[in-house]
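Engineer: This is query-v5.pdb, which holds PDB, C-alpha atoms:
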ATOM      1  CA  VAL A   1     106.980 165.854 144.650
ATOM      2  CA  THR A   2     106.712 168.262 147.521
ATOM      3  CA  SER A   3     108.868 170.902 149.118
ATOM      4  CA  ALA A   4     109.299 171.289 152.864
ATOM      5  CA  GLY A   5     111.714 173.048 155.165
ATOM      6  CA  VAL A   6     113.202 172.093 158.497
ATOM      7  CA  ALA A   7     112.733 175.676 159.782
ATOM      8  CA  ALA A   8     109.607 176.519 157.774
ATOM      9  CA  THR A   9     106.275 177.676 159.131
ATOM     10  CA  ASP A  10     103.242 176.192 157.377
ATOM     11  CA  GLY A  11     101.516 178.621 155.022
ATOM     12  CA  SER A  12     104.099 181.401 154.960
ATOM     13  CA  PRO A  13     104.796 183.034 151.586
ATOM     14  CA  ALA A  14     108.188 182.692 149.941
ATOM     15  CA  SER A  15     110.624 185.379 151.028
ATOM     16  CA  LEU A  16     111.132 188.317 148.681
ATOM     17  CA  GLU A  17     114.743 187.192 148.251
ATOM     18  CA  ALA A  18     113.677 183.681 147.225
ATOM     19  CA  VAL A  19     111.061 185.067 144.816
ATOM     20  CA  ALA A  20     113.731 187.272 143.222
ATOM     21  CA  ALA A  21     116.316 184.465 143.028
ATOM     22  CA  VAL A  22     113.841 182.125 141.332
ATOM     23  CA  ALA A  23     112.551 184.865 138.996
ATOM     24  CA  GLU A  24     116.115 185.319 137.727
ATOM     25  CA  ARG A  25     115.863 181.721 136.530
ATOM     26  CA  GLY A  26     112.473 182.200 134.862
ATOM     27  CA  ALA A  27     110.174 180.691 137.494
ATOM     28  CA  ASP A  28     107.451 182.207 139.668
ATOM     29  CA  LEU A  29     107.129 181.665 143.425
ATOM     30  CA  SER A  30     104.434 184.282 144.005
ATOM     31  CA  CYS A  31     101.811 181.642 144.897
ATOM     32  CA  HIS A  32     104.160 179.380 146.854
ATOM     33  CA  THR A  33     103.581 178.809 150.563
ATOM     34  CA  SER A  34     105.887 176.972 152.921
ATOM     35  CA  THR A  35     105.437 173.545 154.466
ATOM     36  CA  GLN A  36     107.269 172.327 157.539
ATOM     37  CA  ALA A  37     109.181 169.061 157.213
ATOM     38  CA  THR A  38     107.547 166.717 159.714
ATOM     39  CA  VAL A  39     108.407 163.235 160.934
ATOM     40  CA  ASP A  40     105.383 161.883 159.031
ATOM     41  CA  LEU A  41     106.314 163.660 155.790
ATOM     42  CA  LEU A  42     109.916 162.404 155.941
ATOM     43  CA  ALA A  43     108.807 158.881 156.876
ATOM     44  CA  ARG A  44     106.677 158.727 153.719
ATOM     45  CA  ALA A  45     109.397 160.102 151.426
ATOM     46  CA  ASP A  46     111.068 157.913 148.822
ATOM     47  CA  GLU A  47     113.877 160.424 148.446
ATOM     48  CA  VAL A  48     114.970 163.559 150.281
ATOM     49  CA  ILE A  49     116.940 166.174 148.374
ATOM     50  CA  GLY A  50     118.470 168.703 150.742
ATOM     51  CA  MET A  51     120.004 172.101 150.175
ATOM     52  CA  THR A  52     122.537 171.583 152.992
ATOM     53  CA  ARG A  53     124.208 168.749 154.852
ATOM     54  CA  SER A  54     122.319 169.793 157.998
ATOM     55  CA  HIS A  55     119.015 169.219 156.172
ATOM     56  CA  LEU A  56     120.093 165.668 155.420
ATOM     57  CA  ALA A  57     121.297 165.156 158.994
ATOM     58  CA  THR A  58     117.799 166.111 160.162
ATOM     59  CA  ALA A  59     116.209 163.549 157.818
ATOM     60  CA  LEU A  60     118.579 160.828 158.997
ATOM     61  CA  LYS A  61     117.491 161.378 162.628
ATOM     62  CA  ILE A  62     114.001 160.128 161.711
ATOM     63  CA  PRO A  63     113.962 156.408 162.640
ATOM     64  CA  SER A  64     111.256 155.567 160.109
ATOM     65  CA  PHE A  65     113.026 157.287 157.177
ATOM     66  CA  SER A  66     113.988 154.532 154.754
ATOM     67  CA  GLY A  67     114.318 156.494 151.524
ATOM     68  CA  SER A  68     117.401 157.707 149.767
ATOM     69  CA  PHE A  69     118.958 161.095 150.241
ATOM     70  CA  ARG A  70     121.263 163.467 148.415
ATOM     71  CA  LEU A  71     122.284 167.084 148.250
ATOM     72  CA  LEU A  72     121.030 169.170 145.358
ATOM     73  CA  ALA A  73     124.561 170.542 144.777
ATOM     74  CA  GLY A  74     126.327 167.199 145.351
ATOM     75  CA  MET A  75     127.780 165.771 148.550
ATOM     76  CA  GLU A  76     130.588 168.318 148.638
ATOM     77  CA  GLY A  77     128.561 171.502 148.851
ATOM     78  CA  ASP A  78     125.738 173.320 150.555
ATOM     79  CA  LEU A  79     123.507 175.728 148.667
ATOM     80  CA  GLU A  80     123.171 179.193 150.125
ATOM     81  CA  ASP A  81     119.652 179.978 151.264
ATOM     82  CA  PRO A  82     118.371 183.009 149.328
ATOM     83  CA  TYR A  83     116.458 184.100 152.443
TER      84      TYR A  83
END
Go through the file and emit its structure as structure tokens.
Structural biologist:
Amino acid sequence: VTSAGVAATDGSPASLEAVAAVAERGADLSCHTSTQATVDLLARADEVIGMTRSHLATALKIPSFSGSFRLLAGMEGDLEDPY
């Protein structure tokens, strides 16, 4: 399992807002660094779980993506980015 973002910059720390949002749920992002979603990373994925429909649209543009996809909140909703 890995996490990557379509607008992420490799190696950046989690935003203070994301750290706070996750801490409210009992987890710690203080050591997390970002990874950019690349064509290679998506091509190797078995499943992509997006926060928004636009994330999934990006994955579907990759010709070599053959995995499954879904939204974390279900096909009806986008999750708000805590950033």
Engineer: Using only C-alpha atoms, list the residues that have an atom at most 7 Å from (106.9, 183.3, 153.3), coordinates as in the file, as an MDAnalysis selection string.
Structural biologist: chainID A and resid 12:15 33:34
Engineer: Keeping C-alpha atoms for every residue in the selection just given, could you write it to a file as a CSV table (one decimal), in the coordinates of the input?
Structural biologist:
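Written output follows (out-v2.csv):
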chain,number,residue,atom,x,y,z
A,12,SER,CA,104.1,181.4,155.0
A,13,PRO,CA,104.8,183.0,151.6
A,14,ALA,CA,108.2,182.7,149.9
A,15,SER,CA,110.6,185.4,151.0
A,33,THR,CA,103.6,178.8,150.6
A,34,SER,CA,105.9,177.0,152.9
Engineer: Take the PyMOL selection byres ((chain A and resi 79) around 6), run it mentally on this structure, and tell me the resulting residues as number ranges by chain.
Structural biologist: A: 51, 78, 80
Engineer: What is the CA of Asp46 (chain A)-CA of Pro63 (chain A) distance in Å, reported with one decimal?
Structural biologist: 14.2 Å
Engineer: Step by step, work through what the PyMOL selection byres ((chain A and resi 55) around 10) selects in the shown file, and finish by giving those residues as a list in words.
Structural biologist: Gly5, Val6, Ala7, Ala37, Val48, Ile49, Gly50, Met51, Thr52, Arg53, Ser54, Leu56, Ala57, Thr58, Ala59, Leu60, Arg70, Leu71 and Asp78 of chain A
Engineer: Would you mind reading off the distance between CA of Ala21 (chain A) and CA of Glu76 (chain A), one decimal, in Å?
Structural biologist: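 Taking CA of Ala21 (chain A) as the start and CA of Glu76 (chain A) as the end point, the length is 22.3 Å.
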Engineer: Quick one, how far is CA of Val19 (chain A) from CA of Leu41 (chain A)?
Structural biologist: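 Between these atoms lies a distance of 24.5 Å.
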